[in-house]
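A.B. asks: Contents of target_25.cif (mmCIF, C-alpha atoms) are below:
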```cif
data_data
loop_
_atom_site.group_PDB
_atom_site.id
_atom_site.type_symbol
_atom_site.label_atom_id
_atom_site.label_comp_id
_atom_site.auth_asym_id
_atom_site.auth_seq_id
_atom_site.Cartn_x
_atom_site.Cartn_y
_atom_site.Cartn_z
ATOM 1 C CA MET I 1 11.092 10.123 -8.415
ATOM 2 C CA ARG I 2 9.139 7.377 -6.721
ATOM 3 C CA LYS I 3 11.157 4.211 -6.448
ATOM 4 C CA LEU I 4 8.209 1.943 -7.160
ATOM 5 C CA PHE I 5 4.753 2.277 -8.609
ATOM 6 C CA VAL I 6 2.324 -0.626 -8.617
ATOM 7 C CA PHE I 7 -0.983 -0.794 -10.476
ATOM 8 C CA VAL I 8 -3.325 -3.708 -9.856
ATOM 9 C CA ILE I 9 -6.302 -4.928 -11.879
ATOM 10 C CA THR I 10 -8.376 -8.082 -11.911
ATOM 11 C CA LEU I 11 -8.439 -10.242 -15.028
ATOM 12 C CA MET I 12 -10.441 -13.326 -15.944
ATOM 13 C CA VAL I 13 -8.397 -15.723 -18.063
ATOM 14 C CA LEU I 14 -10.883 -17.460 -20.371
ATOM 15 C CA GLY I 15 -8.810 -18.225 -23.436
ATOM 16 C CA PRO I 16 -7.928 -16.036 -26.418
ATOM 17 C CA ALA I 17 -10.414 -13.266 -25.643
ATOM 18 C CA SER I 18 -9.568 -9.636 -25.051
ATOM 19 C CA VAL I 19 -10.122 -7.544 -21.946
ATOM 20 C CA VAL I 20 -11.869 -4.407 -23.177
ATOM 21 C CA SER I 21 -11.993 -1.017 -21.504
ATOM 22 C CA GLN I 22 -12.668 2.472 -22.800
ATOM 23 C CA ARG I 23 -9.522 4.463 -23.517
ATOM 24 C CA THR I 24 -9.785 7.990 -22.158
ATOM 25 C CA SER I 25 -7.411 10.704 -21.026
ATOM 26 C CA VAL I 26 -5.851 10.243 -17.604
ATOM 27 C CA SER I 27 -4.292 13.696 -17.360
ATOM 28 C CA ARG I 28 -7.064 14.693 -14.962
ATOM 29 C CA ILE I 29 -6.106 11.755 -12.708
ATOM 30 C CA PHE I 30 -2.330 12.238 -12.916
ATOM 31 C CA PRO I 31 -1.800 15.924 -13.735
ATOM 32 C CA VAL I 32 1.592 17.573 -13.447
ATOM 33 C CA TYR I 33 1.938 18.601 -9.813
ATOM 34 C CA ASP I 34 4.401 20.349 -7.510
ATOM 35 C CA ASN I 35 6.901 17.609 -6.655
ATOM 36 C CA GLY I 36 9.685 19.861 -5.428
ATOM 37 C CA GLY I 37 11.316 20.081 -8.851
ATOM 38 C CA LYS I 38 11.591 16.307 -9.303
ATOM 39 C CA PRO I 39 10.139 13.871 -11.847
ATOM 40 C CA ASP I 40 7.557 11.291 -10.762
ATOM 41 C CA LEU I 41 6.976 8.164 -12.847
ATOM 42 C CA VAL I 42 3.559 6.497 -12.862
ATOM 43 C CA VAL I 43 1.816 4.005 -15.171
ATOM 44 C CA ASP I 44 -1.143 5.001 -17.375
ATOM 45 C CA PRO I 45 -3.783 2.644 -15.922
ATOM 46 C CA GLN I 46 -6.385 3.116 -18.666
ATOM 47 C CA ARG I 47 -4.068 2.264 -21.542
ATOM 48 C CA PHE I 48 -2.713 -0.681 -19.532
ATOM 49 C CA VAL I 49 -6.206 -2.173 -19.218
ATOM 50 C CA SER I 50 -7.651 -1.176 -22.602
ATOM 51 C CA GLN I 51 -4.819 -2.745 -24.606
ATOM 52 C CA MET I 52 -4.664 -5.999 -22.614
ATOM 53 C CA GLU I 53 -5.284 -9.208 -24.561
ATOM 54 C CA ILE I 54 -4.488 -12.916 -24.566
ATOM 55 C CA VAL I 55 -2.939 -14.345 -27.738
ATOM 56 C CA ASP I 56 -1.325 -17.610 -28.803
ATOM 57 C CA ARG I 57 2.015 -17.088 -30.533
ATOM 58 C CA PHE I 58 4.725 -19.382 -31.907
ATOM 59 C CA PHE I 59 8.296 -18.907 -30.658
ATOM 60 C CA SER I 60 11.146 -20.632 -32.456
ATOM 61 C CA ASP I 61 14.427 -21.757 -30.972
ATOM 62 C CA GLY I 62 16.933 -18.897 -31.093
ATOM 63 C CA SER I 63 14.348 -16.112 -30.984
ATOM 64 C CA CYS I 64 15.142 -13.169 -28.724
ATOM 65 C CA ALA I 65 12.099 -13.909 -26.556
ATOM 66 C CA VAL I 66 13.395 -17.421 -25.843
ATOM 67 C CA GLU I 67 17.033 -16.371 -25.389
ATOM 68 C CA GLU I 68 16.087 -13.596 -22.958
ATOM 69 C CA GLY I 69 13.621 -15.712 -20.963
ATOM 70 C CA ALA I 70 10.562 -13.668 -21.962
ATOM 71 C CA VAL I 71 8.698 -16.950 -22.583
ATOM 72 C CA GLY I 72 8.990 -20.306 -20.854
ATOM 73 C CA GLY I 73 9.911 -22.340 -23.931
ATOM 74 C CA THR I 74 9.652 -22.791 -27.667
ATOM 75 C CA GLY I 75 6.576 -23.589 -29.742
ATOM 76 C CA TYR I 76 3.132 -22.102 -29.241
ATOM 77 C CA ARG I 77 2.845 -20.115 -26.019
ATOM 78 C CA ARG I 78 -0.144 -18.291 -24.565
ATOM 79 C CA ILE I 79 0.803 -14.758 -23.605
ATOM 80 C CA LEU I 80 -1.041 -11.993 -21.790
ATOM 81 C CA ARG I 81 0.197 -8.785 -23.372
ATOM 82 C CA PHE I 82 -0.482 -5.114 -22.712
ATOM 83 C CA ASP I 83 0.721 -1.584 -23.355
ATOM 84 C CA THR I 84 2.683 0.188 -20.648
ATOM 85 C CA VAL I 85 3.038 3.961 -20.789
ATOM 86 C CA VAL I 86 5.335 5.466 -18.165
ATOM 87 C CA MET I 87 4.056 8.978 -17.431
ATOM 88 C CA ASN I 88 6.096 11.697 -15.784
ATOM 89 C CA SER I 89 3.658 13.639 -13.596
ATOM 90 C CA GLY I 90 6.320 15.438 -11.555
ATOM 91 C CA ASP I 91 7.135 19.086 -12.181
ATOM 92 C CA ALA I 92 10.591 18.381 -13.629
ATOM 93 C CA ASP I 93 11.919 16.346 -16.514
ATOM 94 C CA LEU I 94 13.422 12.917 -16.027
ATOM 95 C CA VAL I 95 16.840 13.434 -17.633
ATOM 96 C CA VAL I 96 18.851 10.280 -18.336
ATOM 97 C CA GLY I 97 21.071 11.724 -21.052
ATOM 98 C CA ASP I 98 23.499 9.939 -23.356
ATOM 99 C CA ARG I 99 23.964 6.377 -22.076
ATOM 100 C CA SER I 100 27.327 6.122 -23.896
ATOM 101 C CA ASP I 101 28.779 9.013 -21.880
ATOM 102 C CA PRO I 102 31.114 7.424 -19.270
ATOM 103 C CA ASP I 103 30.393 10.299 -16.889
ATOM 104 C CA ASN I 104 26.658 9.676 -17.039
ATOM 105 C CA PRO I 105 25.555 8.570 -13.530
ATOM 106 C CA PHE I 106 23.019 6.211 -15.141
ATOM 107 C CA ALA I 107 25.566 4.485 -17.406
ATOM 108 C CA ASP I 108 25.693 1.360 -15.217
ATOM 109 C CA ALA I 109 21.922 0.937 -15.542
ATOM 110 C CA PHE I 110 22.333 -0.089 -19.197
ATOM 111 C CA GLU I 111 23.407 -3.446 -20.590
ATOM 112 C CA PHE I 112 23.968 -4.569 -24.162
ATOM 113 C CA ALA I 113 21.462 -7.099 -25.521
ATOM 114 C CA PRO I 114 23.280 -9.101 -28.231
ATOM 115 C CA CYS I 115 20.083 -10.577 -29.674
ATOM 116 C CA HIS I 116 18.499 -7.171 -30.243
ATOM 117 C CA GLY I 117 21.756 -5.401 -31.019
ATOM 118 C CA HIS I 118 21.133 -2.451 -28.699
ATOM 119 C CA PHE I 119 21.293 -1.464 -25.045
ATOM 120 C CA HIS I 120 18.537 -2.106 -22.508
ATOM 121 C CA ILE I 121 17.770 -0.438 -19.205
ATOM 122 C CA LYS I 122 18.241 -3.156 -16.599
ATOM 123 C CA GLY I 123 15.378 -4.150 -14.304
ATOM 124 C CA PHE I 124 13.110 -1.285 -15.229
ATOM 125 C CA SER I 125 9.734 -3.031 -15.123
ATOM 126 C CA VAL I 126 8.383 -6.281 -13.728
ATOM 127 C CA HIS I 127 5.056 -7.855 -14.672
ATOM 128 C CA GLU I 128 3.404 -10.358 -12.340
ATOM 129 C CA LEU I 129 0.310 -12.562 -12.433
ATOM 130 C CA LEU I 130 -0.969 -13.102 -8.901
ATOM 131 C CA ASN I 131 -3.637 -15.223 -7.276
ATOM 132 C CA GLN I 132 -6.435 -13.445 -5.414
ATOM 133 C CA ASP I 133 -4.442 -13.862 -2.187
ATOM 134 C CA ARG I 134 -1.517 -12.010 -3.856
ATOM 135 C CA THR I 135 0.699 -15.107 -4.130
ATOM 136 C CA LEU I 136 2.774 -15.221 -7.310
ATOM 137 C CA VAL I 137 1.612 -17.395 -10.212
ATOM 138 C CA VAL I 138 4.122 -16.301 -12.839
ATOM 139 C CA ALA I 139 6.341 -13.281 -13.431
ATOM 140 C CA GLY I 140 7.692 -11.598 -16.532
ATOM 141 C CA HIS I 141 10.021 -8.683 -17.083
ATOM 142 C CA LYS I 142 10.631 -6.001 -19.659
ATOM 143 C CA GLN I 143 13.902 -4.162 -19.988
ATOM 144 C CA GLY I 144 13.423 -0.606 -21.115
ATOM 145 C CA PHE I 145 14.926 0.241 -24.488
ATOM 146 C CA CYS I 146 15.292 3.974 -24.077
ATOM 147 C CA PHE I 147 13.424 6.803 -22.384
ATOM 148 C CA GLU I 148 11.774 9.182 -24.842
ATOM 149 C CA ASP I 149 8.703 11.376 -25.217
ATOM 150 C CA SER I 150 5.967 9.360 -26.959
ATOM 151 C CA LEU I 151 2.631 10.749 -25.734
ATOM 152 C CA LYS I 152 1.600 14.094 -24.246
ATOM 153 C CA TYR I 153 -0.579 13.979 -21.126
ATOM 154 C CA ASP I 154 -0.307 17.405 -19.524
ATOM 155 C CA GLY I 155 1.950 20.445 -19.441
ATOM 156 C CA GLY I 156 3.787 21.981 -22.356
ATOM 157 C CA LYS I 157 5.964 21.141 -25.315
ATOM 158 C CA SER I 158 8.268 18.117 -25.413
ATOM 159 C CA ASN I 159 11.927 18.861 -24.752
ATOM 160 C CA GLY I 160 12.835 16.389 -27.479
ATOM 161 C CA TYR I 161 14.158 13.415 -25.545
ATOM 162 C CA ASN I 162 15.020 10.409 -27.704
ATOM 163 C CA CYS I 163 17.326 7.398 -27.736
ATOM 164 C CA GLY I 164 20.367 9.606 -28.301
ATOM 165 C CA PHE I 165 19.695 11.837 -25.297
ATOM 166 C CA GLN I 166 17.153 10.122 -23.120
ATOM 167 C CA GLY I 167 14.509 11.430 -20.763
ATOM 168 C CA ILE I 168 10.797 12.085 -20.275
ATOM 169 C CA THR I 169 9.497 15.648 -20.295
ATOM 170 C CA SER I 170 7.244 16.651 -17.413
ATOM 171 C CA GLY I 171 3.677 15.882 -18.504
ATOM 172 C CA TRP I 172 4.738 13.385 -21.180
ATOM 173 C CA GLY I 173 4.879 9.586 -21.320
ATOM 174 C CA ASP I 174 7.144 6.884 -22.742
ATOM 175 C CA TRP I 175 5.084 4.228 -24.558
ATOM 176 C CA TYR I 176 5.967 0.514 -24.650
ATOM 177 C CA PHE I 177 3.373 -1.120 -26.896
ATOM 178 C CA LYS I 178 2.209 -4.701 -26.443
ATOM 179 C CA GLN I 179 3.852 -6.065 -29.609
ATOM 180 C CA LEU I 180 7.344 -5.460 -28.191
ATOM 181 C CA THR I 181 9.310 -8.481 -27.012
ATOM 182 C CA GLY I 182 8.733 -9.072 -23.298
ATOM 183 C CA GLN I 183 5.787 -6.705 -23.033
ATOM 184 C CA TRP I 184 3.748 -9.625 -21.721
ATOM 185 C CA ILE I 185 3.427 -12.461 -19.214
ATOM 186 C CA ASP I 186 3.689 -16.065 -20.449
ATOM 187 C CA ILE I 187 0.529 -17.705 -19.052
ATOM 188 C CA THR I 188 0.895 -21.030 -20.869
ATOM 189 C CA GLY I 189 -0.672 -23.737 -18.706
ATOM 190 C CA VAL I 190 -2.266 -21.306 -16.246
ATOM 191 C CA PRO I 191 -5.821 -22.520 -15.478
ATOM 192 C CA GLU I 192 -8.864 -20.330 -16.070
ATOM 193 C CA GLY I 193 -9.879 -18.139 -13.158
ATOM 194 C CA ASP I 194 -9.639 -14.691 -11.607
ATOM 195 C CA TYR I 195 -6.179 -13.212 -11.268
ATOM 196 C CA ILE I 196 -4.462 -9.948 -10.455
ATOM 197 C CA VAL I 197 -2.038 -8.390 -12.929
ATOM 198 C CA ARG I 198 0.586 -6.142 -11.363
ATOM 199 C CA VAL I 199 3.170 -4.002 -13.112
ATOM 200 C CA SER I 200 5.996 -2.378 -11.140
ATOM 201 C CA ILE I 201 8.251 0.232 -12.697
ATOM 202 C CA ASN I 202 11.695 1.407 -11.627
ATOM 203 C CA SER I 203 11.968 -1.506 -9.215
ATOM 204 C CA ALA I 204 15.756 -1.290 -9.567
ATOM 205 C CA GLY I 205 15.645 2.219 -8.125
#
```
Could you render the structure as structure tokens?
C.D. replies:
Amino acid sequence: MRKLFVFVITLMVLGPASVVSQRTSVSRIFPVYDNGGKPDLVVDPQRFVSQMEIVDRFFSDGSCAVEEGAVGGTGYRRILRFDTVVMNSGDADLVVGDRSDPDNPFADAFEFAPCHGHFHIKGFSVHELLNQDRTLVVAGHKQGFCFEDSLKYDGGKSNGYNCGFQGITSGWGDWYFKQLTGQWIDITGVPEGDYIVRVSINSAG
């Protein structure tokens, strides 16, 4: 499994307008391939771009987004949100298993989130807004909730991974849709201009 995957696009921030792109299959770009019997996690670039939008949203004191630092403060915030689908294009399943099993080698990668009332995967994805020279403007993060098969891209039948026994079947993807808490970057106060949006997955290794 690759330790890090980065996808970069250019975005013009012009207020509450949407960035529009045609949604098409990417299985021809990231087909299942011979990876020596190992999974390989990559981001679906077309869904990432096609679902990107800027919205203004109110966040009250005590909300999970505020408590977890997903936004920079309370009140109305301008957020750049997007879908992220983590595809497994390697020729083997990513098997995480039961996170409650003390013998699970991935058990330490999970932490309990009191506000949401369930466990998160620590440090799984990082979202960054960069200037054209690649200097950081603002960063956001999204803890994974659980690895499961959401969308088929290539290959065969799902092996049934879900939040009880986690994983991603070879040729399938795990979908984090833009309405989920933290599936965004808080761009409140960022001036209009051209920026780069970068998402990194599995940065914790």
A.B. asks: What is the atom CA of Gly155 of chain I-atom CA of Pro45 of chain I distance in Å, reported with one decimal?
C.D. replies: 19.0 Å
A.B. asks: What is the atom CA of Thr84 of chain I-atom CA of Pro102 of chain I distance in Å, reported with one decimal?
C.D. replies: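 Rounded to one decimal, the two atoms are 29.4 Å apart.
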A.B. asks: So, with all atoms listed in the file as the atoms that count, which of I:Glu128, I:Asp44, I:Asp186, I:Asp103 lies closest to Val85 of chain I?
C.D. replies: I:Asp44
A.B. asks: Can you tell me how far atom CA of Phe145 of chain I sits from atom CA of Ala65 of chain I, in Å to one decimal?
C.D. replies: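 Separation of atom CA of Phe145 of chain I and atom CA of Ala65 of chain I: 14.6 Å.
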A.B. asks: For a cut-off of 6 Å around (-1.7, -2.7, -26.8), file coordinates, pick out all residues using only C-alpha atoms and list them as a ChimeraX atom specification.
C.D. replies: /I:51,82-83,177-178
A.B. asks: Could you build a table of the residues in segment 25-81 of chain I lying no more than 12 Å from segment 165-169 of chain I, giving for each the nearest pair of atoms and their separation in Å rounded to one decimal place, using all atoms listed in the file, ordered by chain and ascending residue number, as a tab-separated table?
C.D. replies:
```
residue	atom	partner	partner_atom	distance
I:Val32	CA	I:Thr169	CA	10.6
I:Lys38	CA	I:Thr169	CA	11.2
I:Pro39	CA	I:Ile168	CA	8.6
I:Asp40	CA	I:Ile168	CA	10.1
I:Leu41	CA	I:Ile168	CA	9.2
I:Val42	CA	I:Ile168	CA	11.8
```
A.B. asks: Of the candidates I:Ile196, I:Leu180, I:Met52, I:Val43, which one gets nearest to Gln132 of chain I if we count all atoms listed in the file?
C.D. replies: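 For Gln132 of chain I, the nearest of the given residues is I:Ile196.
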A.B. asks: Which neighbours of Arg77 of chain I fall inside 12 Å, counting all atoms listed in the file, when residues of the same chain fewer than 2 positions from it are skipped, and could you give them as a list of chain:residue names?
C.D. replies: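 These residues fall inside the cut-off: I:Pro16, I:Ile54, I:Val55, I:Asp56, I:Arg57, I:Phe58, I:Phe59, I:Ser60, I:Ala65, I:Val66, I:Ala70, I:Val71, I:Gly72, I:Gly73, I:Thr74, I:Gly75, I:Ile79, I:Leu80, I:Arg81, I:Trp184, I:Ile185, I:Asp186, I:Ile187, I:Thr188, I:Gly189, I:Val190.
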A.B. asks: Keeping only C-alpha atoms, take the residues you just selected and write them out as a tab-separated table (two decimals), in the coordinates of the input.
C.D. replies:
```tsv
chain	number	residue	atom	x	y	z
I	16	PRO	CA	-7.93	-16.04	-26.42
I	54	ILE	CA	-4.49	-12.92	-24.57
I	55	VAL	CA	-2.94	-14.34	-27.74
I	56	ASP	CA	-1.32	-17.61	-28.80
I	57	ARG	CA	2.02	-17.09	-30.53
I	58	PHE	CA	4.72	-19.38	-31.91
I	59	PHE	CA	8.30	-18.91	-30.66
I	60	SER	CA	11.15	-20.63	-32.46
I	65	ALA	CA	12.10	-13.91	-26.56
I	66	VAL	CA	13.40	-17.42	-25.84
I	70	ALA	CA	10.56	-13.67	-21.96
I	71	VAL	CA	8.70	-16.95	-22.58
I	72	GLY	CA	8.99	-20.31	-20.85
I	73	GLY	CA	9.91	-22.34	-23.93
I	74	THR	CA	9.65	-22.79	-27.67
I	75	GLY	CA	6.58	-23.59	-29.74
I	79	ILE	CA	0.80	-14.76	-23.60
I	80	LEU	CA	-1.04	-11.99	-21.79
I	81	ARG	CA	0.20	-8.78	-23.37
I	184	TRP	CA	3.75	-9.62	-21.72
I	185	ILE	CA	3.43	-12.46	-19.21
I	186	ASP	CA	3.69	-16.07	-20.45
I	187	ILE	CA	0.53	-17.70	-19.05
I	188	THR	CA	0.90	-21.03	-20.87
I	189	GLY	CA	-0.67	-23.74	-18.71
I	190	VAL	CA	-2.27	-21.31	-16.25
```
A.B. asks: Written as an MDAnalysis selection string, which residues does the PyMOL selection byres ((chain I and resi 91) around 12) give for the file shown?
C.D. replies: chainID I and resid 1 30:41 87:90 92:94 154:156 168:172
A.B. asks: Go through I:Asn202, I:Glu192, I:Gly164, I:Pro114 one by one, measure the shortest atom-to-atom distance of each to Arg99 of chain I using all atoms listed in the file, and give the residue with the smallest value.
C.D. replies: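 Checking each candidate against Arg99 of chain I, we get I:Gly164 as the closest.
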A.B. asks: Calculated over only C-alpha atoms, which of the candidates I:Ser25, I:Gly193, I:Cys64, I:Ala113 has the smallest distance to Leu130 of chain I?
C.D. replies: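 Among I:Ser25, I:Gly193, I:Cys64, I:Ala113, it is I:Gly193 that comes nearest to Leu130 of chain I.
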A.B. asks: With the cut-off set at 12 Å and counting all atoms listed in the file, tabulate each residue of segment 99-137 of chain I with an atom at most that distance from an atom of segment 160-163 of chain I, showing the nearest atom pair and its distance in Å to one decimal, ordered by chain and increasing number, as JSON lines.
C.D. replies:
```
{"residue": "I:Arg99", "atom": "CA", "partner": "I:Cys163", "partner_atom": "CA", "distance": 8.8}
{"residue": "I:Ser100", "atom": "CA", "partner": "I:Cys163", "partner_atom": "CA", "distance": 10.8}
{"residue": "I:His118", "atom": "CA", "partner": "I:Cys163", "partner_atom": "CA", "distance": 10.6}
{"residue": "I:Phe119", "atom": "CA", "partner": "I:Cys163", "partner_atom": "CA", "distance": 10.1}
{"residue": "I:His120", "atom": "CA", "partner": "I:Cys163", "partner_atom": "CA", "distance": 10.9}
{"residue": "I:Ile121", "atom": "CA", "partner": "I:Cys163", "partner_atom": "CA", "distance": 11.6}
```
A.B. asks: List the residues matched by the PyMOL selection byres ((chain I and resi 125) around 7) in the displayed structure as a list in words, ordered by chain and then by residue number.
C.D. replies: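 Applying the PyMOL selection byres ((chain I and resi 125) around 7) to the structure shown produces Gly123, Phe124, Val126, His127, His141, Lys142, Gln143, Val199, Ser200, Ile201, Asn202 and Ser203 of chain I.
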A.B. asks: Looking at I:Val26, I:Leu151, I:Val197, I:Val95, which one is nearest to Val137 of chain I, with distances taken over all atoms listed in the file?
C.D. replies: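 Comparing I:Val26, I:Leu151, I:Val197, I:Val95 against Val137 of chain I, the winner is I:Val197.
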A.B. asks: I'd like to know which of I:Asn104, I:Pro191, I:Phe112, I:Trp175 is closest to Arg78 of chain I, using all atoms listed in the file.
C.D. replies: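 Between I:Asn104, I:Pro191, I:Phe112, I:Trp175, the residue approaching Arg78 of chain I most closely is I:Pro191.
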A.B. asks: Once you add 5 Å to each side, what are the centre and edge lengths of the axis-aligned box holding all listed atoms of segment 43-58 of chain I? One decimal in Å, as AutoDock Vina command-line options, if you can.
C.D. replies:
```
--center_x -1.5 --center_y -7.2 --center_z -23.5 --size_x 22.4 --size_y 34.4 --size_z 26.7
```
